[in-house]
Amino acid sequence: MDLKKEEVDNHCLTILKSRRILNKIVILCEGELLPAEERESPALYSKLEKLPDANFYKACIPQNWNQRQPQFFNCGSRNSVIQTYFRLQELHKINNENSYLNPENLFAIIDSDMQQANFTNYQFSNSEESR
């Protein structure tokens, strides 16, 4: 499910205001989203880690990472993950005083789909490019 622009903005603002991301790696991934009314509350974001995609990636973390557990956020479709990634960076630059995000610790995991996704303002021009 692709998020609309205003839904991406609301999702991003909730993530930025969440104390859960303070001094943590933030990983955006594809997967089911909470209903819109639950996404408004940062306190309910702990439910996101129990949804299938985030739960799978969390289970892949080495056991000795007890002190540096990343914070996972499901963002819907691959396109929504990409939009959320870039929008989080934009919103953080605009108002980093109201953000717990460290942009250097922001990552996105997307599935390799049949069609490539193009990026702007990123080190790779599309999802198929590698170095």
# chains A, B, ... in the order shown; residues from 1 in each chain; ligands from 1

$ residues_around --residues "segment 21-35 of chain A" --least-positions-apart "6" --cutoff "6 Å" --atoms "only C-alpha atoms" --output "PDB file with N, CA and C atoms, in the first residue's frame"
ATOM      1  N   ASP A  53       7.463  -7.941   8.672  1.00  0.00           N
ATOM      2  CA  ASP A  53       8.736  -7.558   8.054  1.00  0.00           C
ATOM      3  C   ASP A  53       9.746  -7.047   9.079  1.00  0.00           C
ATOM      4  N   PRO A  70      18.760  -1.634  16.748  1.00  0.00           N
ATOM      5  CA  PRO A  70      18.144  -0.669  15.828  1.00  0.00           C
ATOM      6  C   PRO A  70      16.641  -0.566  16.072  1.00  0.00           C
ATOM      7  N   GLN A  71      16.080   0.529  15.637  1.00  0.00           N
ATOM      8  CA  GLN A  71      14.633   0.732  15.709  1.00  0.00           C
ATOM      9  C   GLN A  71      14.070   0.550  14.310  1.00  0.00           C
ATOM     10  N   PHE A  72      13.159  -0.388  14.134  1.00  0.00           N
ATOM     11  CA  PHE A  72      12.580  -0.702  12.834  1.00  0.00           C
ATOM     12  C   PHE A  72      11.219  -0.050  12.692  1.00  0.00           C
ATOM     13  N   PHE A  73      10.923   0.431  11.473  1.00  0.00           N
ATOM     14  CA  PHE A  73       9.628   1.015  11.162  1.00  0.00           C
ATOM     15  C   PHE A  73       9.127   0.471   9.836  1.00  0.00           C
ATOM     16  N   ASN A  74       7.986  -0.197   9.849  1.00  0.00           N
ATOM     17  CA  ASN A  74       7.326  -0.588   8.610  1.00  0.00           C
ATOM     18  C   ASN A  74       6.760   0.669   7.967  1.00  0.00           C
ATOM     19  N   CYS A  75       6.867   0.741   6.646  1.00  0.00           N
ATOM     20  CA  CYS A  75       6.421   1.947   5.940  1.00  0.00           C
ATOM     21  C   CYS A  75       5.479   1.644   4.784  1.00  0.00           C
ATOM     22  N   GLY A  76       4.985   0.424   4.681  1.00  0.00           N
ATOM     23  CA  GLY A  76       4.090   0.090   3.582  1.00  0.00           C
ATOM     24  C   GLY A  76       4.854  -0.481   2.403  1.00  0.00           C
ATOM     25  N   SER A  77       4.597   0.038   1.213  1.00  0.00           N
ATOM     26  CA  SER A  77       5.206  -0.473  -0.019  1.00  0.00           C
ATOM     27  C   SER A  77       6.647   0.018  -0.181  1.00  0.00           C
ATOM     28  N   ARG A  78       7.320  -0.546  -1.178  1.00  0.00           N
ATOM     29  CA  ARG A  78       8.693  -0.131  -1.476  1.00  0.00           C
ATOM     30  C   ARG A  78       8.749   1.357  -1.779  1.00  0.00           C
ATOM     31  N   TYR A 100      14.577  13.609  16.989  1.00  0.00           N
ATOM     32  CA  TYR A 100      15.504  12.718  17.687  1.00  0.00           C
ATOM     33  C   TYR A 100      16.356  11.916  16.705  1.00  0.00           C
ATOM     34  N   ASN A 105      22.405   7.658  10.918  1.00  0.00           N
ATOM     35  CA  ASN A 105      21.946   6.352  11.389  1.00  0.00           C
ATOM     36  C   ASN A 105      20.611   5.948  10.770  1.00  0.00           C
ATOM     37  N   LEU A 106      20.249   6.562   9.656  1.00  0.00           N
ATOM     38  CA  LEU A 106      18.992   6.255   8.974  1.00  0.00           C
ATOM     39  C   LEU A 106      19.265   5.363   7.767  1.00  0.00           C
ATOM     40  N   PHE A 107      18.558   4.233   7.703  1.00  0.00           N
ATOM     41  CA  PHE A 107      18.723   3.283   6.610  1.00  0.00           C
ATOM     42  C   PHE A 107      17.358   2.809   6.128  1.00  0.00           C
ATOM     43  N   ALA A 108      17.305   2.359   4.885  1.00  0.00           N
ATOM     44  CA  ALA A 108      16.087   1.798   4.322  1.00  0.00           C
ATOM     45  C   ALA A 108      16.429   0.461   3.681  1.00  0.00           C
ATOM     46  N   ILE A 109      15.584  -0.519   3.929  1.00  0.00           N
ATOM     47  CA  ILE A 109      15.726  -1.836   3.300  1.00  0.00           C
ATOM     48  C   ILE A 109      14.532  -2.016   2.381  1.00  0.00           C
TER      49      ILE A 109
END

$ select_by_dssp --residues "segment 52-94 of chain A" --states "strand (DSSP E or B)" --output "tab-separated table (two decimals) with N, CA and C atoms, in the first residue's frame"
chain	number	residue	atom	x	y	z
A	71	GLN	N	16.08	0.53	15.64
A	71	GLN	CA	14.63	0.73	15.71
A	71	GLN	C	14.07	0.55	14.31
A	72	PHE	N	13.16	-0.39	14.13
A	72	PHE	CA	12.58	-0.70	12.83
A	72	PHE	C	11.22	-0.05	12.69
A	73	PHE	N	10.92	0.43	11.47
A	73	PHE	CA	9.63	1.02	11.16
A	73	PHE	C	9.13	0.47	9.84
A	74	ASN	N	7.99	-0.20	9.85
A	74	ASN	CA	7.33	-0.59	8.61
A	74	ASN	C	6.76	0.67	7.97
A	76	GLY	N	4.99	0.42	4.68
A	76	GLY	CA	4.09	0.09	3.58
A	76	GLY	C	4.85	-0.48	2.40
